[in-house]
2 protein chains.
Amino acid sequence: MVDTQRSAEKSDERLRDAERTRAELLEVATEVFSEQGYSGARVDEIAERTRTTKRMIYYYFGGKEGLYLAVLEAAYRRIREAEQGLHADHLAPVDAVRRIAELTFDHHHDHPGFIRLVSVENIHNGQHLGKVESLRDLGTPAASLLDDVLARGRASGELRGDVDAVDVHMLISSYCVFQVANAATFGFLFGRDMLAPDVRERHRRILGDIVVGWLSA
Amino acid sequence: MVDTQRSAEKSDERLRDAERTRAELLEVATEVFSEQGYSGARVDEIAERTRTTKRMIYYYFGGKEGLYLAVLEAAYRRIREAEQGLHADHLAPVDAVRRIAELTFDHHHDHPGFIRLVSVENIHNGQHLGKVESLRDLGTPAASLLDDVLARGRASGELRGDVDAVDVHMLISSYCVFQVANAATFGFLFGRDMLAPDVRERHRRILGDIVVGWLSA
DNA sequence: CATTGTATGTACCGTTTCGTACATTAGCCA
DNA sequence: TGGCTAATGTACGAAACGGTACATACAATG
């Protein structure tokens, strides 16, 4: 009844496939915007790097800005999903905060494109982000995860109780974001390759030490 | 013999003044580049915001990229000067590190344009920064200042001795840079105005606590 | 005060870049 | 299987943008 051309779920290589075209456009656009910034990105370049044409950008996203908004939304949505997969309730409070810090660290290093996108958006004062309604309160999950751990630590006396979860998150974020977003200039000024495996490993451990040290009662 | 038009030193309002034109161009360009990014900045807009014309950008800086390089160099030079005015050798090691952290914090908040410029440069992978020979090893002063304090602390037993000065500097920088560079997106996601005076004051104190806590033996 | 080179203004050019009008085809459904 | 619509390709246009040729006026110098 169904299934004329498409076999199972992964329909492969139809000439016309709205979903595939949209997805490919989005993927390539994410790369280009994060590499060149919003103004630096060229609509023609994005199109050339896909199997479709510029025409489709206007057909599906309305224009350059629409495409950028879609990229932002998709990127943040992916982050949210990653955060939701982060469980720490089976660990002792001290171990849990270190775990959260380290996983956040890894996540940032593994998704430099997203970090760069955030930098781009900040250059433009977050003016696009504000337009995407669906991203309101996207930070809440991350904060409440930390909040839970802090509460448990306070109760058990292992963690100090006078620290705000968002402040903790900011410390972790700032450290992780910097590693990726400022690797070029910091690396240049201090002759340090921030992405080298051994350097990365040390930074990771240091972050854990700092967070645990700060929060320990 | 001298002094036909110019009175004393601050010659005021000659119609032709190379220094003034150059300086004004540089100042406005710093603003525009930090507001719009490299690609987003328009040569015409920069010119319009000064009392001179686009022609002068090409006359003095060769072009858009030359102007951007000059902006970068001037901005980093200013930072270096600020750092050199930072003395901490009269303070006890623990107080010294807190002082350095807090002054760095203030400096970042007071010069958002520079921070944004660094972000812009990182989006472009520091490709321009590498072209400015005069900026090699610009990080050294900041690192050695911290290095001295750490050495004193290690000698007196007040600070732990197994921490690298550059790592300390990176912690401080990351925290300070994030405050300014990511104020828009972080503020939006967590509903927090990063630039509000009371928030700023708390962040400042927290940074000091973290650094001192980490380094204390 | 005449001369000369630095500094500046105007008008313009060629290219890039975002966006669109128009034509066309693939694939779903009756 | 034939028609209808969603999807796609091509070619082009208009404005923006970086850059430059040419003309000119100011100011230091002898």
# chains A, B, ... in the order shown; residues from 1 in each chain; ligands from 1
$ residues_around --residues "segment 72-75 of chain B" --least-positions-apart "5" --cutoff "8 Å" --atoms "only C-alpha atoms (C1' of nucleotides)" --output "PyMOL selection string"
chain B and resi 114+117+129+132+134-135
$ write_last_selection --atoms "N, CA and C atoms" --output "PDB file, in the first residue's frame"
ATOM      1  N   PHE B 114      37.494  45.450  22.659  1.00  0.00           N
ATOM      2  CA  PHE B 114      38.679  44.638  22.438  1.00  0.00           C
ATOM      3  C   PHE B 114      38.342  43.148  22.491  1.00  0.00           C
ATOM      4  N   LEU B 117      36.699  42.072  19.449  1.00  0.00           N
ATOM      5  CA  LEU B 117      37.669  42.020  18.363  1.00  0.00           C
ATOM      6  C   LEU B 117      38.422  40.691  18.389  1.00  0.00           C
ATOM      7  N   LEU B 129      46.135  37.844  12.832  1.00  0.00           N
ATOM      8  CA  LEU B 129      47.025  38.063  13.965  1.00  0.00           C
ATOM      9  C   LEU B 129      48.432  37.574  13.638  1.00  0.00           C
ATOM     10  N   VAL B 132      50.867  39.999  11.968  1.00  0.00           N
ATOM     11  CA  VAL B 132      51.430  41.149  12.668  1.00  0.00           C
ATOM     12  C   VAL B 132      52.630  40.697  13.509  1.00  0.00           C
ATOM     13  N   SER B 134      54.800  42.228  15.156  1.00  0.00           N
ATOM     14  CA  SER B 134      55.030  42.912  16.432  1.00  0.00           C
ATOM     15  C   SER B 134      54.246  42.317  17.587  1.00  0.00           C
ATOM     16  N   LEU B 135      53.369  41.383  17.304  1.00  0.00           N
ATOM     17  CA  LEU B 135      52.544  40.845  18.391  1.00  0.00           C
ATOM     18  C   LEU B 135      53.021  39.486  18.885  1.00  0.00           C
TER      19      LEU B 135
END
$ interface_residues --of "chain B" --to "chain C" --cutoff "9 Å" --atoms "only C-alpha atoms (C1' of nucleotides)" --output "PyMOL selection string"
chain B and resi 16-18+52-53+55-56
$ select_by_dssp --residues "segment 5-174 of chain B" --states "helix (DSSP H, G or I)" --output "ChimeraX atom specification"
/B:18-40,43-48,54-61,64-84,93-110,112-123,129-131,133-135,140-156,165-174
$ closest_atom_pairs --of "chain B" --to "chain A" --cutoff "6 Å" --atoms "only C-alpha atoms" --output "JSON lines"
{"residue": "B:Ser39", "atom": "CA", "partner": "A:Gly40", "partner_atom": "CA", "distance": 5.0}
{"residue": "B:Gly40", "atom": "CA", "partner": "A:Ser39", "partner_atom": "CA", "distance": 5.0}
{"residue": "B:Asn122", "atom": "CA", "partner": "A:Ala184", "partner_atom": "CA", "distance": 5.8}
{"residue": "B:Asn125", "atom": "CA", "partner": "A:Ala184", "partner_atom": "CA", "distance": 5.4}
{"residue": "B:Gly126", "atom": "CA", "partner": "A:Ala184", "partner_atom": "CA", "distance": 5.2}
{"residue": "B:Asp137", "atom": "CA", "partner": "A:Leu189", "partner_atom": "CA", "distance": 5.5}
{"residue": "B:Leu138", "atom": "CA", "partner": "A:Leu189", "partner_atom": "CA", "distance": 5.8}
{"residue": "B:Gly139", "atom": "CA", "partner": "A:Leu189", "partner_atom": "CA", "distance": 5.0}
{"residue": "B:Ser174", "atom": "CA", "partner": "A:Phe178", "partner_atom": "CA", "distance": 5.3}
{"residue": "B:Tyr175", "atom": "CA", "partner": "A:Ser174", "partner_atom": "CA", "distance": 5.3}
{"residue": "B:Phe178", "atom": "CA", "partner": "A:Ser174", "partner_atom": "CA", "distance": 5.2}
{"residue": "B:Asn182", "atom": "CA", "partner": "A:Asn122", "partner_atom": "CA", "distance": 5.8}
{"residue": "B:Ala184", "atom": "CA", "partner": "A:Gly126", "partner_atom": "CA", "distance": 5.2}
{"residue": "B:Thr185", "atom": "CA", "partner": "A:Gly126", "partner_atom": "CA", "distance": 5.7}
{"residue": "B:Leu189", "atom": "CA", "partner": "A:Gly139", "partner_atom": "CA", "distance": 5.0}
{"residue": "B:Phe190", "atom": "CA", "partner": "A:Gly139", "partner_atom": "CA", "distance": 5.5}
{"residue": "B:Ile210", "atom": "CA", "partner": "A:Trp214", "partner_atom": "CA", "distance": 5.8}
{"residue": "B:Trp214", "atom": "CA", "partner": "A:Ile210", "partner_atom": "CA", "distance": 5.8}
$ interface_residues --of "chain D" --to "chain A" --cutoff "9 Å" --atoms "only C-alpha atoms (C1' of nucleotides)" --output "list in words"
DA6, DA7, DT8 and DG9 of chain D
$ residues_around --residues "Ser156 of chain B" --least-positions-apart "2" --cutoff "12 Å" --atoms "only C-alpha atoms (C1' of nucleotides)" --output "number ranges by chain"
B: 92-94, 149-154, 158-161, 216-217
$ write_last_selection --atoms "all heavy atoms" --output "mmCIF file, in the first residue's frame"
data_model
loop_
_atom_site.group_PDB
_atom_site.id
_atom_site.type_symbol
_atom_site.label_atom_id
_atom_site.label_comp_id
_atom_site.auth_asym_id
_atom_site.auth_seq_id
_atom_site.Cartn_x
_atom_site.Cartn_y
_atom_site.Cartn_z
ATOM 1 N N ALA B 92 51.063 40.121 49.479
ATOM 2 C CA ALA B 92 51.280 38.721 49.826
ATOM 3 C C ALA B 92 50.768 37.873 48.665
ATOM 4 O O ALA B 92 49.800 38.254 48.006
ATOM 5 C CB ALA B 92 50.537 38.377 51.111
ATOM 6 N N PRO B 93 51.378 36.733 48.379
ATOM 7 C CA PRO B 93 51.016 35.899 47.227
ATOM 8 C C PRO B 93 49.519 35.688 47.059
ATOM 9 O O PRO B 93 48.977 35.867 45.963
ATOM 10 C CB PRO B 93 51.735 34.587 47.519
ATOM 11 C CG PRO B 93 52.931 34.989 48.288
ATOM 12 C CD PRO B 93 52.502 36.152 49.139
ATOM 13 N N VAL B 94 48.846 35.313 48.120
ATOM 14 C CA VAL B 94 47.405 35.055 48.017
ATOM 15 C C VAL B 94 46.642 36.321 47.614
ATOM 16 O O VAL B 94 45.760 36.289 46.743
ATOM 17 C CB VAL B 94 46.843 34.524 49.352
ATOM 18 C CG1 VAL B 94 45.325 34.460 49.294
ATOM 19 C CG2 VAL B 94 47.416 33.143 49.655
ATOM 20 N N VAL B 149 54.611 35.676 41.077
ATOM 21 C CA VAL B 149 53.762 35.522 42.261
ATOM 22 C C VAL B 149 53.710 34.064 42.699
ATOM 23 O O VAL B 149 53.810 33.750 43.892
ATOM 24 C CB VAL B 149 52.337 36.039 41.980
ATOM 25 C CG1 VAL B 149 51.420 35.754 43.166
ATOM 26 C CG2 VAL B 149 52.368 37.525 41.690
ATOM 27 N N LEU B 150 53.554 33.170 41.726
ATOM 28 C CA LEU B 150 53.499 31.745 42.054
ATOM 29 C C LEU B 150 54.798 31.283 42.714
ATOM 30 O O LEU B 150 54.788 30.499 43.670
ATOM 31 C CB LEU B 150 53.234 30.921 40.788
ATOM 32 C CG LEU B 150 51.819 31.024 40.202
ATOM 33 C CD1 LEU B 150 51.698 30.196 38.929
ATOM 34 C CD2 LEU B 150 50.780 30.578 41.222
ATOM 35 N N ALA B 151 55.913 31.784 42.199
ATOM 36 C CA ALA B 151 57.216 31.400 42.769
ATOM 37 C C ALA B 151 57.328 31.868 44.223
ATOM 38 O O ALA B 151 57.767 31.113 45.100
ATOM 39 C CB ALA B 151 58.338 32.009 41.929
ATOM 40 N N ARG B 152 56.893 33.104 44.457
ATOM 41 C CA ARG B 152 56.926 33.629 45.826
ATOM 42 C C ARG B 152 56.036 32.786 46.733
ATOM 43 O O ARG B 152 56.406 32.466 47.881
ATOM 44 C CB ARG B 152 56.471 35.081 45.852
ATOM 45 C CG ARG B 152 57.551 36.066 45.429
ATOM 46 C CD ARG B 152 56.956 37.459 45.246
ATOM 47 N NE ARG B 152 56.116 37.862 46.358
ATOM 48 C CZ ARG B 152 54.996 38.556 46.241
ATOM 49 N NH1 ARG B 152 54.569 38.914 45.046
ATOM 50 N NH2 ARG B 152 54.292 38.874 47.299
ATOM 51 N N GLY B 153 54.874 32.453 46.221
ATOM 52 C CA GLY B 153 53.938 31.656 47.011
ATOM 53 C C GLY B 153 54.468 30.266 47.309
ATOM 54 O O GLY B 153 54.278 29.736 48.407
ATOM 55 N N ARG B 154 55.138 29.712 46.343
ATOM 56 C CA ARG B 154 55.697 28.378 46.538
ATOM 57 C C ARG B 154 56.786 28.427 47.610
ATOM 58 O O ARG B 154 56.864 27.563 48.490
ATOM 59 C CB ARG B 154 56.290 27.864 45.223
ATOM 60 C CG ARG B 154 56.780 26.422 45.299
ATOM 61 C CD ARG B 154 57.395 25.978 43.970
ATOM 62 N NE ARG B 154 56.601 26.451 42.846
ATOM 63 C CZ ARG B 154 57.104 27.124 41.814
ATOM 64 N NH1 ARG B 154 58.388 27.375 41.733
ATOM 65 N NH2 ARG B 154 56.313 27.519 40.840
ATOM 66 N N GLU B 158 52.651 29.324 50.874
ATOM 67 C CA GLU B 158 51.243 29.739 50.865
ATOM 68 C C GLU B 158 50.486 29.250 49.631
ATOM 69 O O GLU B 158 49.273 29.095 49.651
ATOM 70 C CB GLU B 158 51.160 31.266 50.932
ATOM 71 C CG GLU B 158 51.600 31.841 52.275
ATOM 72 C CD GLU B 158 51.823 33.344 52.188
ATOM 73 O OE1 GLU B 158 52.949 33.756 51.807
ATOM 74 O OE2 GLU B 158 50.886 34.104 52.485
ATOM 75 N N LEU B 159 51.234 29.047 48.534
ATOM 76 C CA LEU B 159 50.592 28.575 47.305
ATOM 77 C C LEU B 159 51.185 27.227 46.887
ATOM 78 O O LEU B 159 52.352 26.951 47.132
ATOM 79 C CB LEU B 159 50.789 29.597 46.169
ATOM 80 C CG LEU B 159 50.199 30.989 46.366
ATOM 81 C CD1 LEU B 159 50.459 31.842 45.133
ATOM 82 C CD2 LEU B 159 48.711 30.924 46.671
ATOM 83 N N ARG B 160 50.355 26.434 46.260
ATOM 84 C CA ARG B 160 50.851 25.146 45.789
ATOM 85 C C ARG B 160 51.838 25.361 44.633
ATOM 86 O O ARG B 160 51.766 26.347 43.906
ATOM 87 C CB ARG B 160 49.699 24.260 45.347
ATOM 88 C CG ARG B 160 48.818 24.882 44.298
ATOM 89 C CD ARG B 160 47.532 24.109 44.138
ATOM 90 N NE ARG B 160 47.748 22.860 43.422
ATOM 91 C CZ ARG B 160 46.777 22.032 43.069
ATOM 92 N NH1 ARG B 160 45.515 22.345 43.410
ATOM 93 N NH2 ARG B 160 47.032 20.923 42.437
ATOM 94 N N GLY B 161 52.724 24.439 44.465
ATOM 95 C CA GLY B 161 53.816 24.664 43.520
ATOM 96 C C GLY B 161 53.718 23.895 42.225
ATOM 97 O O GLY B 161 54.592 23.983 41.373
ATOM 98 N N SER B 216 45.623 27.895 46.550
ATOM 99 C CA SER B 216 46.054 27.801 47.946
ATOM 100 C C SER B 216 46.531 26.383 48.263
ATOM 101 O O SER B 216 45.912 25.404 47.848
ATOM 102 C CB SER B 216 44.898 28.174 48.878
ATOM 103 O OG SER B 216 44.604 29.550 48.730
ATOM 104 N N ALA B 217 47.622 26.330 48.996
ATOM 105 C CA ALA B 217 48.221 25.024 49.313
ATOM 106 C C ALA B 217 47.347 24.247 50.303
ATOM 107 O O ALA B 217 46.569 24.841 51.038
ATOM 108 C CB ALA B 217 49.608 25.214 49.892
#
$ atom_distance --atom1 "atom CA of Tyr76 of chain B" --atom2 "atom CA of Glu24 of chain B"
17.6 Å
$ atom_distance --atom1 "atom CA of Asp106 of chain A" --atom2 "atom CA of Arg204 of chain A"
8.1 Å
